[in-house]
>>> print(open('coords29.csv').read())   # CSV, C-alpha atoms
chain,number,residue,atom,x,y,z
A,1,MET,CA,71.0,193.8,119.6
A,2,LEU,CA,72.7,195.7,116.8
A,3,ILE,CA,73.5,192.5,115.0
A,4,ALA,CA,69.9,191.3,115.2
A,5,ARG,CA,68.6,194.6,113.9
A,6,HIS,CA,71.1,194.5,111.0
A,7,LEU,CA,70.0,191.0,110.1
A,8,ALA,CA,66.4,192.0,110.2
A,9,TYR,CA,67.1,195.0,108.0
A,10,ARG,CA,68.9,192.8,105.5
A,11,CYS,CA,66.1,190.3,105.4
A,12,ALA,CA,63.6,193.1,104.8
A,13,VAL,CA,65.6,194.5,101.9
A,14,ALA,CA,66.0,191.0,100.4
A,15,THR,CA,62.3,190.3,100.7
A,16,THR,CA,61.4,193.7,99.1
A,17,ALA,CA,63.8,193.0,96.3
A,18,ALA,CA,62.4,189.6,95.7
A,19,LEU,CA,58.8,191.0,95.5
A,20,LEU,CA,59.8,193.7,93.2
A,21,SER,CA,61.5,191.3,90.8
A,22,THR,CA,58.2,189.4,90.4
A,23,LEU,CA,56.2,192.5,89.5
A,24,PRO,CA,55.1,193.0,85.8
A,25,THR,CA,56.5,195.7,83.7
A,26,ALA,CA,55.1,199.2,83.9
A,27,SER,CA,53.3,198.7,80.6
A,28,ALA,CA,51.5,195.5,81.8
A,29,ALA,CA,50.5,197.1,85.0
A,30,SER,CA,49.1,200.2,83.4
A,31,ALA,CA,47.2,198.0,81.0
A,32,GLY,CA,45.7,196.1,83.9
A,33,ALA,CA,44.6,199.3,85.6
A,34,ALA,CA,42.4,200.0,82.6
A,35,ALA,CA,40.4,196.8,83.1
A,36,GLY,CA,37.8,198.2,85.5
A,37,ALA,CA,36.4,196.4,88.4
A,38,VAL,CA,34.7,193.3,86.8
A,39,GLY,CA,34.6,190.8,89.6
A,40,GLY,CA,35.2,193.3,92.4
A,41,GLU,CA,37.3,196.3,93.2
A,42,ARG,CA,40.2,194.4,94.7
A,43,LEU,CA,40.8,192.5,91.5
A,44,ALA,CA,41.2,195.8,89.7
A,45,GLY,CA,44.2,196.6,91.8
A,46,PRO,CA,47.8,195.5,91.2
A,47,GLY,CA,49.7,192.9,93.2
A,48,VAL,CA,48.7,190.1,95.4
A,49,GLN,CA,45.1,190.0,96.6
A,50,VAL,CA,44.3,187.6,99.4
A,51,ALA,CA,42.2,187.8,102.6
A,52,PRO,CA,43.4,185.0,104.9
A,53,ARG,CA,41.8,184.2,108.2
A,54,THR,CA,43.8,183.2,111.3
A,55,GLY,CA,45.6,180.0,110.6
A,56,ALA,CA,45.2,180.0,106.8
A,57,PRO,CA,48.2,178.6,104.9
A,58,ALA,CA,50.5,181.1,103.2
A,59,LEU,CA,50.6,181.5,99.5
A,60,PRO,CA,53.4,179.6,97.8
A,61,GLY,CA,56.6,181.5,97.5
A,62,GLY,CA,58.8,182.0,94.5
A,63,LEU,CA,56.0,182.6,92.0
A,64,THR,CA,57.3,184.1,88.7
A,65,GLY,CA,54.0,184.5,86.8
A,66,ARG,CA,53.2,188.0,85.8
A,67,SER,CA,49.5,187.3,86.5
A,68,TRP,CA,47.6,184.5,88.2
A,69,LEU,CA,44.3,183.7,89.8
A,70,VAL,CA,42.7,180.9,91.9
A,71,ALA,CA,39.0,180.5,92.0
A,72,ASP,CA,36.3,178.1,93.1
A,73,GLY,CA,34.8,176.7,90.0
A,74,THR,CA,31.4,176.1,91.5
A,75,THR,CA,30.7,179.3,93.4
A,76,GLY,CA,32.9,181.6,91.3
A,77,ALA,CA,34.6,183.0,94.4
A,78,VAL,CA,38.1,184.2,93.7
A,79,LEU,CA,40.4,182.9,96.5
A,80,ALA,CA,43.5,184.8,95.6
A,81,SER,CA,45.0,186.7,92.6
A,82,TYR,CA,48.0,188.6,91.4
A,83,ASN,CA,47.4,191.3,88.7
A,84,ALA,CA,44.2,189.5,87.8
A,85,HIS,CA,43.2,192.0,85.0
A,86,ASP,CA,46.6,192.6,83.4
A,87,ARG,CA,46.2,192.4,79.7
A,88,LEU,CA,48.8,190.0,78.3
A,89,PRO,CA,49.1,187.8,75.1
A,90,PRO,CA,47.1,184.6,75.8
A,91,ALA,CA,48.8,182.2,73.4
A,92,SER,CA,46.8,179.0,72.9
A,93,THR,CA,44.8,179.4,76.0
A,94,LEU,CA,42.6,181.6,73.8
A,95,LYS,CA,41.5,178.3,72.1
A,96,MET,CA,39.2,177.9,75.2
A,97,LEU,CA,37.2,180.8,74.0
A,98,PHE,CA,37.3,179.5,70.4
A,99,ALA,CA,35.9,176.1,71.6
A,100,ASP,CA,33.3,177.7,73.9
A,101,THR,CA,32.1,179.7,70.9
A,102,VAL,CA,32.2,177.2,68.1
A,103,LEU,CA,32.0,173.8,69.6
A,104,PRO,CA,28.2,173.9,70.4
A,105,LYS,CA,27.5,174.8,66.8
A,106,LEU,CA,29.0,171.9,64.9
A,107,ASP,CA,27.8,168.3,65.0
A,108,ARG,CA,30.7,166.2,66.3
A,109,GLU,CA,29.7,163.4,63.9
A,110,ALA,CA,29.8,165.6,60.8
A,111,VAL,CA,32.5,164.9,58.2
A,112,HIS,CA,34.3,167.7,56.4
A,113,ARG,CA,36.7,167.5,53.4
A,114,VAL,CA,39.5,170.0,53.9
A,115,ALA,CA,40.2,172.5,51.1
A,116,PRO,CA,43.7,173.9,50.6
A,117,GLU,CA,42.6,177.5,51.4
A,118,GLU,CA,41.5,176.4,54.8
A,119,LEU,CA,45.0,175.7,55.8
A,120,ALA,CA,46.3,179.0,54.6
A,121,GLY,CA,47.0,182.1,56.8
A,122,MET,CA,48.5,180.3,59.8
A,123,GLY,CA,51.4,182.0,61.7
A,124,GLN,CA,54.9,180.8,61.1
A,125,GLY,CA,55.9,178.1,63.5
A,126,SER,CA,52.3,177.3,64.5
A,127,SER,CA,51.7,174.1,66.4
A,128,LEU,CA,50.0,171.6,64.1
A,129,VAL,CA,48.2,168.3,64.5
A,130,GLY,CA,48.9,167.3,60.9
A,131,ILE,CA,45.8,167.9,58.8
A,132,LYS,CA,46.1,167.2,55.1
A,133,GLU,CA,44.1,168.9,52.3
A,134,ASP,CA,41.6,167.0,50.3
A,135,LEU,CA,41.0,164.5,53.0
A,136,ASP,CA,37.9,163.9,55.2
A,137,TYR,CA,37.9,164.5,58.9
A,138,LYS,CA,35.2,164.1,61.6
A,139,VAL,CA,34.5,167.2,63.7
A,140,GLU,CA,35.3,165.3,66.9
A,141,ASP,CA,38.7,164.4,65.5
A,142,LEU,CA,39.3,168.1,64.7
A,143,TRP,CA,38.5,169.0,68.2
A,144,ARG,CA,40.9,166.5,69.6
A,145,GLY,CA,43.5,168.2,67.4
A,146,VAL,CA,42.7,171.5,69.0
A,147,PHE,CA,42.7,170.3,72.6
A,148,LEU,CA,45.5,167.7,72.6
A,149,SER,CA,48.0,169.0,70.0
A,150,SER,CA,46.9,172.7,70.2
A,151,GLY,CA,46.7,172.4,66.4
A,152,ASN,CA,46.2,175.7,64.7
A,153,ASP,CA,45.4,173.8,61.5
A,154,ALA,CA,42.5,172.2,63.3
A,155,VAL,CA,41.3,175.6,64.5
A,156,HIS,CA,41.4,177.0,61.0
A,157,VAL,CA,39.5,174.1,59.5
A,158,LEU,CA,36.8,174.4,62.2
A,159,ALA,CA,36.7,178.2,61.7
A,160,ALA,CA,36.1,177.6,58.0
A,161,MET,CA,33.2,175.3,58.9
A,162,ASN,CA,31.9,178.1,61.1
A,163,GLY,CA,31.8,180.6,58.2
A,164,GLY,CA,35.4,181.7,58.1
A,165,VAL,CA,38.1,183.2,60.3
A,166,ASP,CA,36.7,186.8,60.3
A,167,ARG,CA,33.2,185.6,61.3
A,168,THR,CA,34.7,183.3,64.0
A,169,VAL,CA,36.8,186.1,65.5
A,170,ALA,CA,33.8,188.4,65.6
A,171,GLU,CA,31.7,185.7,67.3
A,172,MET,CA,34.5,185.0,69.8
A,173,GLN,CA,34.7,188.7,70.7
A,174,SER,CA,30.9,188.8,71.1
A,175,ARG,CA,31.1,185.6,73.3
A,176,ALA,CA,33.8,187.2,75.4
A,177,GLU,CA,31.6,190.3,76.0
A,178,ALA,CA,28.7,188.0,77.0
A,179,LEU,CA,31.0,186.4,79.6
A,180,GLN,CA,32.0,189.9,80.8
A,181,ALA,CA,35.6,189.1,79.8
A,182,ARG,CA,36.4,192.8,79.1
A,183,ASP,CA,40.2,192.4,79.1
A,184,THR,CA,40.1,190.3,76.0
A,185,HIS,CA,40.6,191.5,72.4
A,186,VAL,CA,40.5,188.7,69.8
A,187,VAL,CA,42.5,189.0,66.6
A,188,THR,CA,43.0,185.3,65.6
A,189,PRO,CA,41.0,182.3,66.6
A,190,ASP,CA,44.0,180.2,67.5
A,191,GLY,CA,45.8,182.6,69.9
A,192,TYR,CA,48.9,183.1,67.7
A,193,ASP,CA,50.8,186.3,68.5
A,194,GLN,CA,49.2,189.3,66.8
A,195,ASP,CA,49.4,193.0,67.7
A,196,GLY,CA,46.6,193.9,70.0
A,197,GLN,CA,45.6,190.3,70.9
A,198,VAL,CA,45.3,190.2,74.7
A,199,SER,CA,43.4,188.6,77.5
A,200,SER,CA,43.9,188.2,81.3
A,201,ALA,CA,44.1,185.6,84.0
A,202,TYR,CA,40.6,186.7,85.0
A,203,ASP,CA,39.2,186.3,81.5
A,204,LEU,CA,40.9,183.0,80.8
A,205,THR,CA,39.4,181.6,84.0
A,206,LEU,CA,36.0,182.7,82.8
A,207,PHE,CA,36.5,180.9,79.5
A,208,ALA,CA,37.5,177.7,81.2
A,209,ARG,CA,34.5,177.8,83.6
A,210,ALA,CA,32.1,178.4,80.7
A,211,GLY,CA,33.6,175.8,78.5
A,212,LEU,CA,33.6,173.1,81.2
A,213,ARG,CA,29.8,173.4,81.4
A,214,ASN,CA,29.8,171.7,78.0
A,215,ALA,CA,30.2,167.9,78.3
A,216,ASP,CA,32.1,167.6,75.0
A,217,PHE,CA,34.5,170.5,75.9
A,218,ARG,CA,35.1,168.7,79.2
A,219,ALA,CA,35.7,165.4,77.5
A,220,TYR,CA,38.1,166.8,74.9
A,221,CYS,CA,40.2,168.8,77.4
A,222,SER,CA,40.6,165.8,79.7
A,223,THR,CA,41.7,163.3,77.0
A,224,ARG,CA,45.3,162.3,77.4
A,225,ASP,CA,46.0,160.6,74.1
A,226,ALA,CA,44.1,159.6,70.9
A,227,GLN,CA,44.5,158.3,67.4
A,228,PHE,CA,44.3,161.0,64.7
A,229,PRO,CA,43.4,160.2,61.0
A,230,GLY,CA,46.4,160.1,58.8
A,231,ALA,CA,47.2,159.8,55.1
A,232,VAL,CA,45.9,157.2,52.7
A,233,ASP,CA,48.3,154.5,51.8
A,234,ARG,CA,49.0,154.6,48.1
A,235,THR,CA,49.5,150.9,47.9
A,236,THR,CA,46.6,149.6,49.9
A,237,GLY,CA,44.2,152.5,49.6
A,238,GLN,CA,43.6,152.3,53.3
A,239,ARG,CA,43.7,155.3,55.6
A,240,GLY,CA,46.0,155.1,58.6
A,241,SER,CA,46.2,157.0,61.9
A,242,PHE,CA,48.8,158.3,64.2
A,243,GLY,CA,49.0,159.0,67.9
A,244,ILE,CA,48.7,162.4,69.5
A,245,ALA,CA,49.2,163.2,73.1
A,246,ASN,CA,47.9,166.1,75.2
A,247,THR,CA,50.5,168.8,75.7
A,248,ASP,CA,49.1,169.6,79.2
A,249,ARG,CA,51.9,168.4,81.4
A,250,LEU,CA,49.7,168.3,84.5
A,251,LEU,CA,47.1,166.1,83.0
A,252,GLY,CA,47.6,162.6,84.4
A,253,THR,CA,50.2,163.8,86.9
A,254,TYR,CA,48.3,166.2,89.1
A,255,PRO,CA,45.7,164.4,91.2
A,256,GLY,CA,42.2,165.3,90.2
A,257,LEU,CA,43.2,167.5,87.2
A,258,ILE,CA,40.3,167.8,84.7
A,259,GLY,CA,42.1,170.0,82.0
A,260,VAL,CA,41.9,172.7,80.6
A,261,LYS,CA,44.5,174.4,78.2
A,262,ASN,CA,48.1,175.4,78.0
A,263,GLY,CA,49.9,177.7,75.6
A,264,TYR,CA,53.2,179.1,74.6
A,265,THR,CA,54.3,181.8,72.2
A,266,THR,CA,57.3,184.2,72.0
A,267,ASN,CA,55.2,187.1,73.3
A,268,ALA,CA,53.0,185.3,75.8
A,269,GLY,CA,55.7,183.0,77.2
A,270,SER,CA,54.1,180.1,79.0
A,271,THR,CA,50.5,180.4,80.1
A,272,PHE,CA,48.1,177.8,81.5
A,273,THR,CA,44.6,177.4,82.8
A,274,GLY,CA,43.7,174.3,84.7
A,275,ALA,CA,40.8,172.8,86.6
A,276,ALA,CA,41.1,170.2,89.3
A,277,GLU,CA,38.6,168.4,91.6
A,278,ARG,CA,39.2,167.1,95.1
A,279,ASP,CA,36.8,166.0,97.8
A,280,GLY,CA,33.8,167.5,95.9
A,281,ARG,CA,35.4,170.9,95.3
A,282,THR,CA,36.5,172.1,91.9
A,283,LEU,CA,39.2,174.8,91.6
A,284,LEU,CA,40.3,176.8,88.6
A,285,VAL,CA,43.7,178.3,88.2
A,286,THR,CA,45.3,180.5,85.6
A,287,VAL,CA,49.0,181.4,85.4
A,288,MET,CA,50.4,183.7,82.8
A,289,HIS,CA,53.9,184.4,81.6
A,290,THR,CA,56.2,182.5,84.0
A,291,SER,CA,60.0,182.8,83.8
A,292,THR,CA,60.4,179.4,82.2
A,293,TYR,CA,58.2,176.9,80.4
A,294,GLN,CA,58.1,174.3,83.1
A,295,LYS,CA,57.4,176.8,85.9
A,296,VAL,CA,53.9,177.5,84.5
A,297,TYR,CA,53.0,173.9,85.5
A,298,ASP,CA,54.9,174.0,88.8
A,299,GLU,CA,53.3,177.3,89.9
A,300,ALA,CA,49.8,176.2,88.8
A,301,ALA,CA,50.2,173.0,90.8
A,302,ALA,CA,51.4,174.9,93.8
A,303,LEU,CA,48.5,177.4,93.6
A,304,LEU,CA,46.0,174.5,93.3
A,305,ASP,CA,47.6,172.8,96.4
A,306,TRP,CA,47.2,176.1,98.3
A,307,GLY,CA,43.6,176.6,97.1
A,308,PHE,CA,42.5,173.2,98.3
A,309,ALA,CA,44.2,173.7,101.6
A,310,ALA,CA,43.0,177.3,102.1
A,311,ALA,CA,39.6,177.4,100.5
A,312,ASP,CA,37.7,177.4,103.8
A,313,GLN,CA,40.2,179.6,105.5
A,314,VAL,CA,40.2,182.7,103.3
A,315,ASP,CA,37.5,185.2,102.4
A,316,PRO,CA,36.9,185.8,98.7
A,317,VAL,CA,38.7,188.8,97.2
A,318,GLY,CA,36.4,188.8,94.1
A,319,GLN,CA,33.9,186.9,92.0
A,320,LEU,CA,34.0,185.3,88.6
A,321,ALA,CA,31.4,187.1,86.5
A,322,GLU,CA,28.4,185.2,85.1
A,323,ASP,CA,27.4,184.6,81.5
A,324,THR,CA,25.0,187.4,80.5
A,325,ALA,CA,23.7,185.5,77.5
A,326,ALA,CA,20.0,185.0,77.7
A,327,GLU,CA,20.5,181.2,77.7
A,328,SER,CA,23.3,178.7,77.5
A,329,PRO,CA,24.6,177.8,74.0
A,330,ALA,CA,22.3,175.4,72.3
A,331,PRO,CA,23.6,171.8,72.0
A,332,ALA,CA,24.9,170.7,68.7
A,333,THR,CA,22.2,169.4,66.3
A,334,PRO,CA,22.4,167.6,62.9
A,335,SER,CA,21.2,170.9,61.3
A,336,ALA,CA,24.5,172.6,62.1
A,337,ASP,CA,26.2,174.1,59.0
A,338,PRO,CA,28.9,171.7,57.9
A,339,GLY,CA,30.5,174.2,55.6
A,340,PRO,CA,31.1,174.3,51.8
A,341,ASN,CA,33.2,171.1,51.8
A,342,ALA,CA,30.8,168.8,53.6
A,343,VAL,CA,30.9,165.2,52.2
A,344,PRO,CA,27.7,164.2,50.5
A,345,ASP,CA,25.8,161.4,52.1
A,346,ALA,CA,24.5,158.2,50.5
A,347,VAL,CA,21.5,159.9,48.9
A,348,GLY,CA,23.4,162.9,47.6
A,349,SER,CA,22.5,165.5,50.2
A,350,THR,CA,25.2,167.6,51.8
A,351,GLY,CA,24.4,167.4,55.5
A,352,PRO,CA,26.5,166.8,58.6
A,353,GLY,CA,25.9,164.3,61.3
A,354,PRO,CA,25.6,160.5,61.0
A,355,HIS,CA,25.1,160.3,57.3
A,356,ARG,CA,28.7,159.7,56.6
A,357,THR,CA,31.6,158.8,59.0
A,358,VAL,CA,35.3,158.3,58.4
A,359,PRO,CA,35.8,154.5,58.1
A,360,ALA,CA,37.9,153.0,60.8
A,361,ALA,CA,41.4,152.0,59.9
A,362,PRO,CA,44.2,150.2,61.7
A,363,PRO,CA,46.7,152.4,63.5
A,364,GLN,CA,50.0,153.0,61.7
A,365,ALA,CA,53.0,151.8,63.6
A,366,THR,CA,54.0,155.4,64.5
A,367,PRO,CA,54.9,156.6,68.0
A,368,ALA,CA,52.7,158.9,69.9
A,369,ALA,CA,53.2,162.6,69.2
A,370,VAL,CA,55.7,164.4,71.3
A,371,PRO,CA,54.0,167.1,73.4
A,372,ARG,CA,54.7,170.6,72.1
A,373,PRO,CA,54.3,173.9,74.0
>>> encode(input="coords29.csv", output="structure tokens")
Amino acid sequence: MLIARHLAYRCAVATTAALLSTLPTASAASAGAAAGAVGGERLAGPGVQVAPRTGAPALPGGLTGRSWLVADGTTGAVLASYNAHDRLPPASTLKMLFADTVLPKLDREAVHRVAPEELAGMGQGSSLVGIKEDLDYKVEDLWRGVFLSSGNDAVHVLAAMNGGVDRTVAEMQSRAEALQARDTHVVTPDGYDQDGQVSSAYDLTLFARAGLRNADFRAYCSTRDAQFPGAVDRTTGQRGSFGIANTDRLLGTYPGLIGVKNGYTTNAGSTFTGAAERDGRTLLVTVMHTSTYQKVYDEAAALLDWGFAAADQVDPVGQLAEDTAAESPAPATPSADPGPNAVPDAVGSTGPGPHRTVPAAPPQATPAAVPRP
């Protein structure tokens, strides 16, 4: 009997220690406490929030993320969460908010000539798709650079087309407020580490849900690889292209994965928001700041597996807030502002859309880009 009690005590201590080791730092927890109760009172509290019914599968063990959330993408019901409102650096997952804000405003067929100043001001070590100044790019290619290569250069060019970085940041903040994403403070459009730039697992999930309602957003984030416009060959005068591959490591490997966006920076660590569909149900998952880069994908996959198995056996612990904008963002139209460097069309006007497109060129014999964090 004494031996059994001793073993039980040791197990309890070990379990408590393991749980404590996964808790966020005091500063992160206190930041989360300031988030309020958007989505429900339980989501405002720290730690794991789940309401299993009898027979429901247990949550996966060994999770290292400082914050995570699993939700039904259709109903908005939050199935489980951990420190859902903790305010943490978002890294490139903030590009979801950038896309949700800017993508509907620019005609995907518009062509833009990149000015040198549009590639200035990016953070040191930024992920890049490889845009060159004084060359023409279609808007749809720039968006592939954002979603596949997480290219900060593509973000900055699109922000310039949208009226500049400052205007874009202000619009992103306004869009976050309309989505009731009150944990988010935007400093840069690309998610690069900056003092005060934060979001949360709850807010990133809102951005993914809103973005996926746009067919173009959904198509870009689900694209596994593409050809990206390259340089002009000095000998032939022909423009080549090179391969880029989506840095989302679950895309094409997790059954039913739709997208959405991954990220990594020194301050944010690894962060990921994904959406997957199975048997007519769409789930959203966000995991922030895991102990290693690969674990963000492993833990997101484990939480998705749990969500699909448990969705009908748990009661919601919260709700994803709805867009408070009067109406959904308008679809892109040929009247969208192409920016100061729009390429003139055949009759001399400077308009976007189908007036001028980048001529097709044979792919260069270059390997596909190696995925970057």
>>> closest_residue(input="coords29.csv", among="A:Ser67, A:Thr282, A:Asn162, A:Thr324", to="Glu177 in chain A", atoms="only C-alpha atoms")
A:Thr324
>>> atom_distance(input="coords29.csv", atom1="CA of Lys295 in chain A", atom2="CA of Val48 in chain A")
18.5 Å
>>> atom_distance(input="coords29.csv", atom1="CA of Val157 in chain A", atom2="CA of Glu118 in chain A")
5.6 Å
>>> atom_distance(input="coords29.csv", atom1="CA of Thr265 in chain A", atom2="CA of Ala245 in chain A")
19.3 Å
>>> residues_around(input="coords29.csv", residues="range 125-137 of chain A", least_positions_apart="2", cutoff="8 Å", atoms="only C-alpha atoms", output="PDB file with C-alpha atoms, keeping the file's coordinate frame")
ATOM      1  CA  VAL A 111      32.500 164.900  58.200  1.00  0.00           C
ATOM      2  CA  HIS A 112      34.300 167.700  56.400  1.00  0.00           C
ATOM      3  CA  ARG A 113      36.700 167.500  53.400  1.00  0.00           C
ATOM      4  CA  VAL A 114      39.500 170.000  53.900  1.00  0.00           C
ATOM      5  CA  ALA A 115      40.200 172.500  51.100  1.00  0.00           C
ATOM      6  CA  PRO A 116      43.700 173.900  50.600  1.00  0.00           C
ATOM      7  CA  LEU A 119      45.000 175.700  55.800  1.00  0.00           C
ATOM      8  CA  MET A 122      48.500 180.300  59.800  1.00  0.00           C
ATOM      9  CA  GLY A 123      51.400 182.000  61.700  1.00  0.00           C
ATOM     10  CA  VAL A 139      34.500 167.200  63.700  1.00  0.00           C
ATOM     11  CA  ASP A 141      38.700 164.400  65.500  1.00  0.00           C
ATOM     12  CA  LEU A 142      39.300 168.100  64.700  1.00  0.00           C
ATOM     13  CA  GLY A 145      43.500 168.200  67.400  1.00  0.00           C
ATOM     14  CA  VAL A 146      42.700 171.500  69.000  1.00  0.00           C
ATOM     15  CA  SER A 149      48.000 169.000  70.000  1.00  0.00           C
ATOM     16  CA  SER A 150      46.900 172.700  70.200  1.00  0.00           C
ATOM     17  CA  GLY A 151      46.700 172.400  66.400  1.00  0.00           C
ATOM     18  CA  ASN A 152      46.200 175.700  64.700  1.00  0.00           C
ATOM     19  CA  ASP A 153      45.400 173.800  61.500  1.00  0.00           C
ATOM     20  CA  ALA A 154      42.500 172.200  63.300  1.00  0.00           C
ATOM     21  CA  TYR A 192      48.900 183.100  67.700  1.00  0.00           C
ATOM     22  CA  PRO A 229      43.400 160.200  61.000  1.00  0.00           C
ATOM     23  CA  GLY A 230      46.400 160.100  58.800  1.00  0.00           C
ATOM     24  CA  ALA A 231      47.200 159.800  55.100  1.00  0.00           C
ATOM     25  CA  ILE A 244      48.700 162.400  69.500  1.00  0.00           C
ATOM     26  CA  VAL A 343      30.900 165.200  52.200  1.00  0.00           C
ATOM     27  CA  VAL A 358      35.300 158.300  58.400  1.00  0.00           C
ATOM     28  CA  ARG A 372      54.700 170.600  72.100  1.00  0.00           C
TER      29      ARG A 372
END
>>> closest_residue(input="coords29.csv", among="A:Ser92, A:Thr64, A:Thr273, A:Ser81", to="Arg42 in chain A", atoms="all atoms listed in the file")
A:Ser81
>>> closest_residue(input="coords29.csv", among="A:Gly318, A:Gly237, A:Gly307, A:Pro89", to="Gly269 in chain A", atoms="all atoms listed in the file")
A:Pro89
